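Engineer: Just upload_6.txt, nothing more (compact mmCIF, C-alpha atoms):
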```txt
# COMPACT_ATOMS: atom_id res chain seq x y z
CA MET A 1 54.35 28.87 -3.17
CA LYS A 2 55.96 30.17 -6.32
CA ARG A 3 56.49 26.65 -7.62
CA ILE A 4 52.80 25.78 -7.36
CA ILE A 5 51.67 28.43 -9.79
CA PRO A 6 53.43 27.09 -12.92
CA ILE A 7 52.14 23.59 -12.15
CA THR A 8 48.57 24.87 -11.96
CA VAL A 9 48.97 26.63 -15.28
CA GLY A 10 50.35 23.46 -16.80
CA VAL A 11 47.38 21.38 -15.61
CA ALA A 12 44.95 23.93 -16.99
CA LEU A 13 46.68 23.78 -20.36
CA VAL A 14 46.50 20.00 -20.50
CA ALA A 15 42.83 20.08 -19.60
CA THR A 16 42.16 22.57 -22.38
CA LEU A 17 43.96 20.42 -24.91
CA ALA A 18 42.03 17.33 -23.84
CA VAL A 19 38.69 19.09 -24.22
CA ALA A 20 39.71 20.46 -27.59
CA ALA A 21 40.51 16.95 -28.83
CA GLU A 22 37.03 15.65 -27.99
CA VAL A 23 34.38 15.35 -30.63
CA SER A 24 31.45 17.48 -29.51
CA PRO A 25 27.95 15.91 -29.50
CA GLU A 26 26.89 17.93 -32.57
CA ASN A 27 29.92 16.77 -34.53
CA VAL A 28 29.79 13.01 -34.06
CA ALA A 29 30.10 11.50 -37.55
CA PHE A 30 27.53 8.71 -37.84
CA ASP A 31 27.67 6.81 -41.11
CA GLU A 32 24.50 5.80 -42.96
CA TYR A 33 24.11 2.69 -40.77
CA GLY A 34 24.71 4.57 -37.51
CA ALA A 35 28.32 3.53 -36.92
CA VAL A 36 31.02 5.97 -35.73
CA SER A 37 34.51 5.08 -36.89
CA GLU A 38 36.51 7.77 -35.08
CA SER A 39 37.15 7.65 -31.32
CA LEU A 40 35.33 10.50 -29.57
CA THR A 41 38.44 11.35 -27.53
CA GLY A 42 41.51 9.78 -29.09
CA VAL A 43 42.16 8.17 -25.70
CA ALA A 44 41.83 4.39 -25.56
CA GLY A 45 38.82 3.17 -23.61
CA ASP A 46 39.24 1.65 -20.15
CA ALA A 47 36.95 -1.39 -19.87
CA ALA A 48 36.87 -1.40 -16.04
CA ALA A 49 35.86 2.25 -15.98
CA GLY A 50 33.29 1.45 -18.65
CA LEU A 51 31.61 -1.21 -16.52
CA LYS A 52 31.52 1.26 -13.63
CA ALA A 53 29.83 3.89 -15.81
CA MET A 54 27.33 1.29 -17.04
CA GLU A 55 26.45 0.31 -13.48
CA THR A 56 26.22 3.83 -12.03
CA LYS A 57 22.62 4.99 -12.03
CA SER A 58 23.49 8.65 -12.59
CA GLN A 59 25.64 7.74 -15.62
CA GLY A 60 24.84 4.92 -18.03
CA ASN A 61 22.46 2.97 -15.77
CA CYS A 62 22.60 0.34 -18.51
CA PHE A 63 21.51 -2.47 -16.17
CA ALA A 64 18.15 -0.76 -15.76
CA CYS A 65 17.27 -2.38 -19.08
CA HIS A 66 20.05 -4.82 -20.12
CA GLN A 67 21.39 -8.10 -18.78
CA ILE A 68 25.04 -9.23 -18.78
CA SER A 69 25.94 -12.69 -17.45
CA ALA A 70 29.57 -11.67 -16.89
CA ALA A 71 28.35 -8.93 -14.51
CA ALA A 72 26.03 -11.17 -12.49
CA ASP A 73 27.41 -9.74 -9.24
CA ILE A 74 25.60 -6.48 -10.03
CA PRO A 75 22.01 -6.93 -8.73
CA PHE A 76 18.78 -6.40 -10.65
CA HIS A 77 19.37 -6.45 -14.40
CA GLY A 78 16.31 -5.18 -16.27
CA SER A 79 14.60 -6.85 -19.21
CA VAL A 80 13.47 -3.93 -21.39
CA GLY A 81 16.53 -4.22 -23.63
CA PRO A 82 18.28 -7.28 -25.07
CA SER A 83 21.00 -9.24 -23.27
CA LEU A 84 24.45 -7.89 -24.05
CA ASP A 85 26.08 -11.32 -23.79
CA GLY A 86 28.17 -11.82 -26.92
CA VAL A 87 27.46 -8.29 -28.12
CA ALA A 88 31.03 -7.96 -29.41
CA SER A 89 30.49 -10.90 -31.74
CA ARG A 90 27.44 -9.22 -33.26
CA TRP A 91 28.77 -5.67 -33.59
CA ASP A 92 32.20 -4.17 -34.24
CA GLU A 93 33.76 -1.28 -32.36
CA THR A 94 32.44 1.42 -34.70
CA GLN A 95 28.89 0.08 -34.53
CA LEU A 96 29.00 -0.20 -30.73
CA ARG A 97 30.27 3.39 -30.47
CA GLY A 98 27.39 4.57 -32.64
CA ILE A 99 24.83 2.60 -30.61
CA VAL A 100 26.07 3.92 -27.26
CA ALA A 101 26.47 7.52 -28.46
CA GLY A 102 23.33 7.89 -30.57
CA VAL A 103 21.40 4.65 -30.97
CA LYS A 104 18.58 6.12 -33.04
CA ASN A 105 20.98 6.39 -35.98
CA THR A 106 21.04 2.57 -35.91
CA PHE A 107 17.54 1.74 -34.62
CA PRO A 108 15.24 4.71 -35.29
CA ASP A 109 12.34 3.46 -33.13
CA THR A 110 14.20 2.08 -30.13
CA VAL A 111 13.22 3.25 -26.63
CA MET A 112 16.93 3.47 -25.71
CA PRO A 113 18.12 7.00 -24.90
CA SER A 114 20.92 8.72 -26.83
CA PHE A 115 23.82 8.94 -24.41
CA TYR A 116 25.98 11.48 -26.26
CA LYS A 117 23.41 14.00 -27.39
CA SER A 118 22.90 17.48 -25.96
CA SER A 119 20.15 19.18 -27.96
CA GLY A 120 17.06 18.59 -30.05
CA PHE A 121 14.87 17.32 -27.20
CA ILE A 122 11.15 17.86 -26.60
CA ARG A 123 10.63 19.67 -23.27
CA PRO A 124 14.27 19.30 -22.16
CA GLY A 125 14.54 19.25 -18.37
CA ASP A 126 17.11 20.26 -15.81
CA GLY A 127 18.11 16.75 -14.75
CA PHE A 128 15.38 15.08 -12.69
CA THR A 129 14.07 18.32 -11.15
CA GLY A 130 11.06 18.56 -13.46
CA LYS A 131 12.11 22.13 -14.26
CA ALA A 132 13.04 23.38 -17.71
CA GLY A 133 16.60 22.83 -18.85
CA THR A 134 18.57 24.88 -21.33
CA GLU A 135 20.11 23.21 -24.36
CA PRO A 136 22.78 22.19 -24.87
CA LEU A 137 22.23 19.85 -21.91
CA PRO A 138 25.16 18.01 -20.35
CA THR A 139 25.30 14.68 -22.18
CA LEU A 140 24.20 11.56 -20.25
CA LEU A 141 27.71 10.15 -20.68
CA THR A 142 30.97 11.99 -21.30
CA ALA A 143 32.87 11.26 -24.50
CA GLN A 144 35.43 9.25 -22.54
CA GLN A 145 32.71 7.26 -20.77
CA VAL A 146 31.34 6.31 -24.20
CA GLU A 147 34.81 5.09 -25.18
CA ASP A 148 35.20 3.24 -21.86
CA ILE A 149 31.84 1.50 -22.27
CA VAL A 150 32.68 0.51 -25.84
CA ALA A 151 35.93 -0.98 -24.51
CA TYR A 152 33.97 -3.01 -21.94
CA LEU A 153 31.38 -4.15 -24.49
CA LEU A 154 34.20 -5.38 -26.74
CA THR A 155 35.13 -7.86 -23.98
CA LEU A 156 31.69 -9.49 -24.26
CA THR A 157 32.53 -11.96 -27.01
CA GLU A 158 30.29 -14.80 -25.84
CA MET B 1 -4.06 9.54 15.32
CA THR B 2 -4.25 8.70 11.68
CA LYS B 3 -0.49 8.64 11.37
CA THR B 4 -0.12 6.30 14.35
CA VAL B 5 -2.58 3.86 12.87
CA LEU B 6 -0.84 4.08 9.51
CA LYS B 7 2.52 3.18 10.95
CA GLY B 8 0.95 0.27 12.79
CA ALA B 9 -0.56 -1.04 9.58
CA ILE B 10 2.72 -0.83 7.69
CA THR B 11 4.66 -2.52 10.49
CA SER B 12 2.31 -5.46 10.68
CA VAL B 13 2.44 -5.94 6.92
CA ALA B 14 6.23 -5.73 6.97
CA ILE B 15 6.29 -8.55 9.48
CA LEU B 16 4.20 -10.69 7.17
CA ALA B 17 6.60 -9.99 4.34
CA GLY B 18 9.58 -10.77 6.52
CA ALA B 19 8.05 -14.15 7.31
CA GLY B 20 8.10 -14.88 3.59
CA MET B 21 4.38 -15.42 3.46
CA ALA B 22 3.54 -16.80 0.05
CA LEU B 23 0.19 -15.81 -1.35
CA ALA B 24 -1.70 -17.61 -4.01
CA GLU B 25 -1.88 -16.00 -7.42
CA GLY B 26 -5.35 -15.27 -8.61
CA ASN B 27 -8.00 -12.67 -8.96
CA LEU B 28 -8.39 -9.41 -7.12
CA VAL B 29 -11.09 -10.16 -4.58
CA ILE B 30 -11.66 -7.51 -1.91
CA ASN B 31 -12.51 -8.67 1.60
CA GLY B 32 -13.22 -12.12 0.22
CA ASP B 33 -16.43 -11.08 -1.52
CA LEU B 34 -16.04 -8.37 -4.19
CA GLU B 35 -14.23 -9.56 -7.32
CA LEU B 36 -12.78 -6.79 -9.47
CA THR B 37 -12.00 -6.95 -13.17
CA THR B 38 -8.23 -6.65 -13.62
CA GLU B 39 -8.04 -7.95 -17.20
CA ALA B 40 -10.32 -7.00 -20.08
CA PRO B 41 -10.30 -6.78 -23.87
CA ALA B 42 -8.70 -3.50 -24.92
CA PRO B 43 -11.20 -0.82 -25.99
CA SER B 44 -11.46 -0.52 -29.77
CA HIS B 45 -10.01 3.02 -29.66
CA ILE B 46 -6.66 1.68 -28.36
CA GLU B 47 -4.61 0.36 -31.28
CA GLY B 48 -1.51 -0.64 -29.33
CA LEU B 49 -3.05 -3.15 -26.92
CA THR B 50 -5.23 -6.22 -27.25
CA THR B 51 -5.79 -6.74 -23.52
CA VAL B 52 -5.78 -4.20 -20.73
CA TYR B 53 -4.55 -5.04 -17.23
CA SER B 54 -4.86 -3.28 -13.92
CA GLY B 55 -1.55 -2.33 -12.34
CA TRP B 56 -2.47 -4.76 -9.56
CA VAL B 57 -1.63 -7.66 -11.89
CA PHE B 58 2.02 -6.56 -12.12
CA ARG B 59 2.68 -6.19 -8.39
CA ASP B 60 4.23 -8.77 -6.09
CA SER B 61 1.96 -10.96 -4.01
CA PHE B 62 2.66 -8.97 -0.86
CA THR B 63 1.52 -5.70 -2.43
CA GLN B 64 -1.43 -7.44 -4.06
CA ALA B 65 -2.56 -8.84 -0.72
CA MET B 66 -2.55 -5.41 0.91
CA GLU B 67 -5.27 -4.31 -1.50
CA MET B 68 -7.36 -7.44 -0.97
CA ASP B 69 -8.28 -6.64 2.62
CA ASP B 70 -9.52 -3.22 3.66
CA PHE B 71 -7.90 -3.65 7.07
CA ASP B 72 -4.52 -4.06 5.40
CA ASN B 73 -5.04 -1.34 2.77
CA PRO B 74 -3.46 1.88 4.12
CA GLY B 75 -5.50 3.82 1.55
CA MET B 76 -8.62 3.12 3.60
CA LEU B 77 -7.42 5.54 6.27
CA PHE B 78 -7.54 8.29 3.66
CA VAL B 79 -11.01 7.15 2.65
CA ASP B 80 -12.09 7.64 6.28
CA ALA B 81 -10.59 11.13 6.25
CA GLY B 82 -12.42 11.81 2.98
CA GLU B 83 -15.70 10.71 4.54
CA ASP B 84 -15.15 13.17 7.36
CA MET B 85 -14.59 15.92 4.78
CA TRP B 86 -17.78 14.89 2.99
CA ASN B 87 -19.79 15.52 6.14
CA GLU B 88 -17.99 18.58 7.53
CA PRO B 89 -19.18 22.08 6.60
CA ALA B 90 -16.57 24.03 4.64
CA GLY B 91 -16.20 27.64 3.54
CA THR B 92 -18.43 30.67 3.92
CA SER B 93 -21.55 28.74 2.92
CA GLY B 94 -21.30 26.59 6.01
CA LYS B 95 -22.34 23.67 3.83
CA ALA B 96 -20.86 20.21 3.65
CA CYS B 97 -20.77 18.08 0.51
CA ALA B 98 -23.49 15.99 2.14
CA ASP B 99 -25.84 18.98 2.45
CA CYS B 100 -26.28 19.07 -1.33
CA HIS B 101 -25.27 15.55 -2.39
CA GLY B 102 -26.77 13.57 0.49
CA ASP B 103 -25.72 9.98 0.89
CA ALA B 104 -22.56 9.50 -1.16
CA SER B 105 -23.27 5.81 -1.65
CA GLU B 106 -26.24 6.88 -3.78
CA SER B 107 -25.26 10.25 -5.26
CA MET B 108 -21.64 9.35 -6.05
CA ALA B 109 -22.15 5.78 -7.24
CA GLY B 110 -20.73 5.57 -10.76
CA VAL B 111 -19.16 9.05 -10.74
CA ARG B 112 -15.54 7.95 -10.56
CA ALA B 113 -16.05 5.54 -13.48
CA VAL B 114 -16.86 8.32 -15.97
CA TYR B 115 -14.25 10.92 -15.01
CA PRO B 116 -12.60 12.91 -16.55
CA LYS B 117 -15.77 14.11 -18.26
CA TRP B 118 -17.28 17.08 -20.06
CA ASN B 119 -18.89 19.79 -17.94
CA GLU B 120 -21.46 21.49 -20.12
CA ALA B 121 -21.96 24.59 -17.97
CA ALA B 122 -18.22 25.26 -17.72
CA GLY B 123 -17.52 24.23 -21.30
CA GLU B 124 -14.49 22.16 -20.32
CA VAL B 125 -13.29 18.67 -19.53
CA ARG B 126 -12.93 18.23 -15.79
CA THR B 127 -11.02 15.72 -13.73
CA LEU B 128 -12.55 14.65 -10.43
CA GLU B 129 -10.05 16.89 -8.64
CA MET B 130 -11.16 19.85 -10.77
CA GLN B 131 -14.82 19.12 -10.03
CA ILE B 132 -14.14 18.93 -6.29
CA ASN B 133 -12.42 22.31 -6.38
CA ALA B 134 -15.16 23.83 -8.54
CA CYS B 135 -17.71 22.69 -5.95
CA ARG B 136 -15.63 24.13 -3.14
CA THR B 137 -15.01 27.53 -4.70
CA GLU B 138 -18.36 28.02 -6.43
CA ASN B 139 -20.80 26.34 -4.05
CA GLN B 140 -19.17 26.09 -0.64
CA GLY B 141 -17.22 29.33 -0.60
CA ALA B 142 -14.12 27.40 0.36
CA GLU B 143 -10.58 27.69 -0.93
CA ALA B 144 -9.36 25.49 -3.76
CA LEU B 145 -7.17 22.59 -2.63
CA LYS B 146 -3.80 21.72 -4.14
CA TYR B 147 -3.90 18.75 -6.51
CA GLY B 148 -1.89 15.58 -6.27
CA LYS B 149 -1.95 14.60 -2.60
CA GLY B 150 -3.46 15.62 0.71
CA ASP B 151 -7.08 16.51 1.44
CA ILE B 152 -8.31 16.63 -2.14
CA VAL B 153 -7.11 13.10 -2.79
CA SER B 154 -8.69 11.83 0.44
CA LEU B 155 -12.03 13.22 -0.71
CA GLU B 156 -11.45 11.80 -4.18
CA ALA B 157 -10.76 8.43 -2.56
CA TYR B 158 -14.04 8.52 -0.64
CA ILE B 159 -15.93 9.41 -3.82
CA SER B 160 -14.02 6.78 -5.79
CA MET B 161 -14.97 4.10 -3.26
CA GLN B 162 -18.64 4.61 -4.11
CA SER B 163 -17.85 3.21 -7.59
CA ARG B 164 -15.65 0.33 -6.50
CA GLY B 165 -16.21 -2.61 -8.82
CA MET B 166 -17.89 -0.61 -11.58
CA PRO B 167 -16.22 -0.67 -15.00
CA MET B 168 -14.32 2.40 -16.18
CA ASN B 169 -16.43 4.00 -18.88
CA VAL B 170 -14.94 7.34 -19.90
CA ALA B 171 -16.47 9.04 -22.94
CA ILE B 172 -14.05 9.90 -25.74
CA ASP B 173 -16.28 11.46 -28.39
CA GLY B 174 -18.61 14.43 -28.73
CA PRO B 175 -17.40 17.56 -26.93
CA VAL B 176 -14.32 15.82 -25.45
CA ALA B 177 -13.00 14.51 -28.77
CA ASP B 178 -10.42 17.27 -29.29
CA VAL B 179 -9.10 17.04 -25.74
CA TRP B 180 -8.93 13.26 -26.02
CA ALA B 181 -6.93 13.58 -29.26
CA GLN B 182 -4.55 15.99 -27.52
CA GLY B 183 -4.07 13.48 -24.71
CA LYS B 184 -3.38 10.72 -27.21
CA GLN B 185 -0.72 12.82 -28.91
CA MET B 186 0.90 13.50 -25.54
CA TYR B 187 0.88 9.79 -24.72
CA TYR B 188 3.05 9.04 -27.75
CA THR B 189 5.34 12.10 -27.46
CA ARG B 190 8.89 11.25 -26.41
CA THR B 191 9.87 13.90 -23.90
CA GLY B 192 13.00 14.91 -22.06
CA GLN B 193 16.62 13.96 -22.41
CA LEU B 194 15.70 10.29 -22.08
CA GLU B 195 13.26 10.69 -25.01
CA LEU B 196 10.63 8.42 -23.50
CA SER B 197 6.89 8.57 -24.13
CA CYS B 198 4.24 7.01 -21.94
CA ALA B 199 4.02 4.32 -24.61
CA SER B 200 7.77 3.58 -24.47
CA CYS B 201 7.30 1.99 -21.06
CA HIS B 202 3.60 1.30 -20.61
CA GLU B 203 2.59 0.08 -24.08
CA GLU B 204 5.81 -1.32 -25.57
CA ASN B 205 7.32 -2.72 -22.38
CA TYR B 206 4.69 -3.55 -19.79
CA GLY B 207 5.64 -6.74 -17.96
CA ASN B 208 9.36 -6.05 -18.47
CA LEU B 209 11.73 -5.10 -15.67
CA ILE B 210 13.39 -1.74 -15.10
CA ARG B 211 16.02 -2.91 -12.63
CA ALA B 212 13.81 -4.69 -10.06
CA GLU B 213 10.54 -2.95 -10.97
CA THR B 214 7.98 -4.54 -13.28
CA LEU B 215 6.50 -2.01 -15.69
CA SER B 216 2.71 -1.87 -15.72
CA GLN B 217 0.39 -0.60 -18.43
CA GLY B 218 0.08 2.64 -16.49
CA GLN B 219 -3.67 2.25 -16.14
CA THR B 220 -5.46 4.76 -13.91
CA ASN B 221 -8.48 2.69 -12.81
CA GLY B 222 -6.79 2.11 -9.45
CA PHE B 223 -6.36 5.78 -8.57
CA PRO B 224 -6.13 7.22 -6.04
CA VAL B 225 -3.15 4.98 -5.35
CA TYR B 226 -1.47 4.38 -2.02
CA ARG B 227 2.23 4.16 -2.89
CA ILE B 228 4.17 2.13 -0.37
CA LYS B 229 7.46 3.82 -1.23
CA ASP B 230 6.04 7.29 -0.47
CA SER B 231 3.44 6.37 2.19
CA VAL B 232 1.01 8.82 0.59
CA LEU B 233 -2.16 8.63 -1.44
CA THR B 234 -1.60 10.02 -4.93
CA SER B 235 -3.95 11.16 -7.70
CA ALA B 236 -3.32 10.39 -11.35
CA ALA B 237 -2.19 13.95 -12.00
CA GLY B 238 0.27 13.69 -9.13
CA ARG B 239 1.71 10.52 -10.63
CA PHE B 240 1.92 12.05 -14.10
CA VAL B 241 4.12 14.87 -12.80
CA GLY B 242 6.64 12.34 -11.51
CA CYS B 243 6.50 10.19 -14.62
CA VAL B 244 7.26 13.04 -17.04
CA ARG B 245 9.94 14.38 -14.69
CA ASP B 246 11.61 10.97 -14.76
CA THR B 247 12.17 11.31 -18.51
CA LYS B 248 14.50 14.23 -17.59
CA ALA B 249 11.90 16.59 -19.02
CA GLU B 250 10.32 19.85 -18.02
CA THR B 251 7.17 18.34 -16.58
CA TYR B 252 3.72 19.82 -17.10
CA LYS B 253 2.07 21.72 -14.27
CA ILE B 254 -0.15 19.50 -12.14
CA ASP B 255 -3.18 21.72 -12.77
CA SER B 256 -2.46 22.22 -16.48
CA SER B 257 -4.91 21.58 -19.30
CA ASP B 258 -2.22 19.29 -20.71
CA PHE B 259 -2.59 16.84 -17.84
CA VAL B 260 -6.38 17.03 -18.07
CA ALA B 261 -6.07 15.83 -21.65
CA LEU B 262 -3.58 13.12 -20.71
CA GLU B 263 -5.72 11.96 -17.80
CA LEU B 264 -8.76 11.67 -20.05
CA TYR B 265 -6.86 9.71 -22.68
CA VAL B 266 -5.13 7.37 -20.21
CA ALA B 267 -8.41 6.77 -18.35
CA SER B 268 -10.02 5.79 -21.66
CA ARG B 269 -7.30 3.18 -22.22
CA GLY B 270 -8.64 1.40 -19.16
CA ASN B 271 -12.32 1.38 -20.09
CA GLY B 272 -13.62 -2.00 -18.95
CA LEU B 273 -11.33 -2.37 -15.93
CA SER B 274 -12.91 -1.99 -12.50
CA VAL B 275 -12.68 1.15 -10.46
CA GLU B 276 -10.66 -0.13 -7.51
CA GLY B 277 -11.61 2.59 -5.05
CA VAL B 278 -8.19 3.01 -3.48
CA SER B 279 -5.44 0.74 -4.73
CA VAL B 280 -2.04 -0.20 -3.32
CA ARG B 281 1.10 -0.09 -5.42
CA ASN B 282 4.83 -0.10 -4.66
```
So that I can check it, write out the structure of this file as structure tokens.
Structural biologist:
Amino acid sequence: MKRIIPITVGVALVATLAVAAEVSPENVAFDEYGAVSESLTGVAGDAAAGLKAMETKSQGNCFACHQISAAADIPFHGSVGPSLDGVASRWDETQLRGIVAGVKNTFPDTVMPSFYKSSGFIRPGDGFTGKAGTEPLPTLLTAQQVEDIVAYLLTLTE
Amino acid sequence: MTKTVLKGAITSVAILAGAGMALAEGNLVINGDLELTTEAPAPSHIEGLTTVYSGWVFRDSFTQAMEMDDFDNPGMLFVDAGEDMWNEPAGTSGKACADCHGDASESMAGVRAVYPKWNEAAGEVRTLEMQINACRTENQGAEALKYGKGDIVSLEAYISMQSRGMPMNVAIDGPVADVWAQGKQMYYTRTGQLELSCASCHEENYGNLIRAETLSQGQTNGFPVYRIKDSVLTSAAGRFVGCVRDTKAETYKIDSSDFVALELYVASRGNGLSVEGVSVRN
């Protein structure tokens, strides 16, 4: 019993440090072309976790709009957005991070949502309830999910 | 009774689909004899489109076929319920719709095609749902009905059927001009955390897939719509609530003046398309 307490405290400390190291949505440094050079977390992205976040409807739900030949086992890829095949040969890591986190800094008129943005919305809602939400909203993706997805996208070289 | 029949209809259609019945592509012809206009030149007041299409065009052949035969169209059961309402006395007046309006096939012909429209006496733009409730509360002494689904949409469906095949012809100028302009602004406003406007999907991306769903132009000429996924008949305002909600936004109230404006504007985008009476969508 007594041994458990220090462990719990230790975990809480680590969690606090990890949160503190994250770049908050308001502080993401987009350059004039929309790229973000610094990692949002300082933790290397996990490509497998990134694909999972892209597939999950309550997270990225990227396949709602985009197609990826390498992920053909995932059913029903949408056609609203461009194919992501070879995306890593068209964009570098900093550009991909900027596009995933806040695409309108790269393409001002795109219909693509901003996945690491928490405020500045018109009629912000509380999820899909239709009720009013209070900004800052939870971001669509966490900072680490952005990094994970960038890591996956960097595998799409052809 | 109605529910039993409804289930029977859906089951028999499901069997057809399971058999992989392929249906010819073509025009929307109801019961083999009434051809509806599902494609028309865009009205001159719509800058973002050159051609307007009924939502029917974007549906799979199975869903399309359900609308082509009134025996297969589950929406027709709601039309029957609406006809009963038309003839039944309601409220303290003891009067039915028919007592003042007579034969709906004469008095209501063309009505659906011009709504939402200006009501001079009330000094406001009214949707068909609003007009039904105004009649109930002011003339019949009956309670107002909730918008979106249920009895009011059944009655709307019966009224809408009296205009089936007539071209949508909603007025956009004169006393409705300001409300129309408000609706247009709403149409292009990107709401919610997903920052999507009506135009993001229904003007910029109609014909494209969201997962397995083909986006339509979001035209309202087919309303009320029987939605297969919900098994209910829905009014345009009812659909709008869900659409705005799905942008992760605080949606507008179903009976708000905002949605009246949006319904007027969206209806005007479909001027030239046929009123479908009751349509079937997925």
Engineer: Could you please determine the separation between CA of Ala71 (chain A) and CA of Glu213 (chain B) in Å, to one decimal place?
Structural biologist: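 If I compute the distance from CA of Ala71 (chain A) to CA of Glu213 (chain B), I get 19.1 Å.
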Engineer: Contacts between chain B and chain A, please, where a residue of chain A counts if it comes within 8 Å (with all atoms listed in the file); show its shortest atom pair and distance in Å to one decimal, rows by chain and ascending number, as a Markdown table.
Structural biologist:
```
| residue | atom | partner | partner_atom | distance |
| --- | --- | --- | --- | --- |
| A:Phe63 | CA | B:Arg211 | CA | 6.5 |
| A:Ala64 | CA | B:Arg211 | CA | 4.4 |
| A:Cys65 | CA | B:Ile210 | CA | 5.6 |
| A:Phe76 | CA | B:Arg211 | CA | 4.9 |
| A:His77 | CA | B:Arg211 | CA | 5.2 |
| A:Gly78 | CA | B:Arg211 | CA | 4.3 |
| A:Ser79 | CA | B:Leu209 | CA | 4.9 |
| A:Val80 | CA | B:Asn208 | CA | 5.5 |
| A:Val111 | CA | B:Ser200 | CA | 5.9 |
| A:Met112 | CA | B:Leu194 | CA | 7.8 |
| A:Pro113 | CA | B:Leu194 | CA | 5.0 |
| A:Ser114 | CA | B:Leu194 | CA | 7.2 |
| A:Phe121 | CA | B:Gly192 | CA | 6.0 |
| A:Ile122 | CA | B:Thr191 | CA | 5.0 |
| A:Arg123 | CA | B:Glu250 | CA | 5.3 |
| A:Pro124 | CA | B:Gly192 | CA | 4.6 |
| A:Gly125 | CA | B:Ala249 | CA | 3.8 |
| A:Asp126 | CA | B:Lys248 | CA | 6.8 |
| A:Gly127 | CA | B:Lys248 | CA | 5.2 |
| A:Phe128 | CA | B:Lys248 | CA | 5.1 |
| A:Thr129 | CA | B:Arg245 | CA | 6.7 |
| A:Gly130 | CA | B:Arg245 | CA | 4.5 |
| A:Lys131 | CA | B:Glu250 | CA | 4.7 |
| A:Ala132 | CA | B:Glu250 | CA | 4.5 |
| A:Gly133 | CA | B:Glu250 | CA | 7.0 |
```
Engineer: Quick check, in Å to one decimal: how far apart do CA of Gly148 (chain B) and CA of Arg239 (chain B) lie?
Structural biologist: 7.6 Å
Engineer: So that I can see what lies close to Ala113 (chain B), please list as a PyMOL selection string the residues with an atom at most 10 Å from it, counting only C-alpha atoms and leaving out residues fewer than 6 positions away in the same chain.
Structural biologist: chain B and resi 160+162-170+221+267+271-277
Engineer: Of the candidates B:Thr234, B:Gln140, B:Gln131, B:Ser61, which one gets nearest to Ser279 (chain B) if we count all atoms listed in the file?
Structural biologist: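 When distances to Ser279 (chain B) are compared using all atoms listed in the file, the smallest one comes from B:Thr234.
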Engineer: Using all atoms listed in the file, which residue out of B:Glu47, B:Arg269, B:Thr63, B:Ser216 lies closest to Lys229 (chain B)?
Structural biologist: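 When distances to Lys229 (chain B) are compared using all atoms listed in the file, the smallest one comes from B:Thr63.
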Engineer: Which one of B:Asn73, B:Ser257, B:Thr92, B:Asn87 sits closest to Val179 (chain B) if you count only C-alpha atoms?
Structural biologist: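 Ranked by minimum distance to Val179 (chain B), first place goes to B:Ser257.
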Engineer: Using all atoms listed in the file, give me every residue within 7 Å of (36.0, 13.9, -31.5) in file coordinates, as a PyMOL selection string.
Structural biologist: chain A and resi 21-24+28+39-41
Engineer: Select, counting all atoms listed in the file, all protein, DNA and RNA residues no farther than 9 Å from (26.4, 18.7, -28.5) in file coordinates, and express the selection as a list in words.
Structural biologist: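 Taken together, the residues in range are Val23, Ser24, Pro25, Glu26, Asn27, Val28, Tyr116, Lys117, Ser118, Ser119, Glu135, Pro136, Leu137, Pro138 and Thr139 of chain A.
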Engineer: Select, from B:Pro74, B:Gly141, B:Gly270, B:Gly91, the residue with the minimum atom-to-atom distance to Gly222 (chain B), counting only C-alpha atoms.
Structural biologist: B:Gly270
Engineer: May I ask for the distance between CA of Phe259 (chain B) and CA of Tyr147 (chain B), given in Å to one decimal place?
Structural biologist: 11.6 Å
Engineer: Hey, what's within 7 Å of region 79-84 of chain B if we count only C-alpha atoms and toss same-chain stuff fewer than 3 positions away? As a list of chain:residue names, please?
Structural biologist: B:Gly75, B:Met76, B:Asn87, B:Glu88, B:Ser154, B:Leu155, B:Ala157, B:Tyr158
Engineer: Out of B:Asp60, B:Asp103, B:Asp70, B:Glu156, which residue has the shortest atom-to-atom distance to Asp33 (chain B) when counting all atoms listed in the file?
Structural biologist: B:Asp70
Engineer: Of the residues B:Arg227, B:His101, B:Arg126, B:Lys184, which is the one nearest to Arg281 (chain B), using all atoms listed in the file?
Structural biologist: B:Arg227
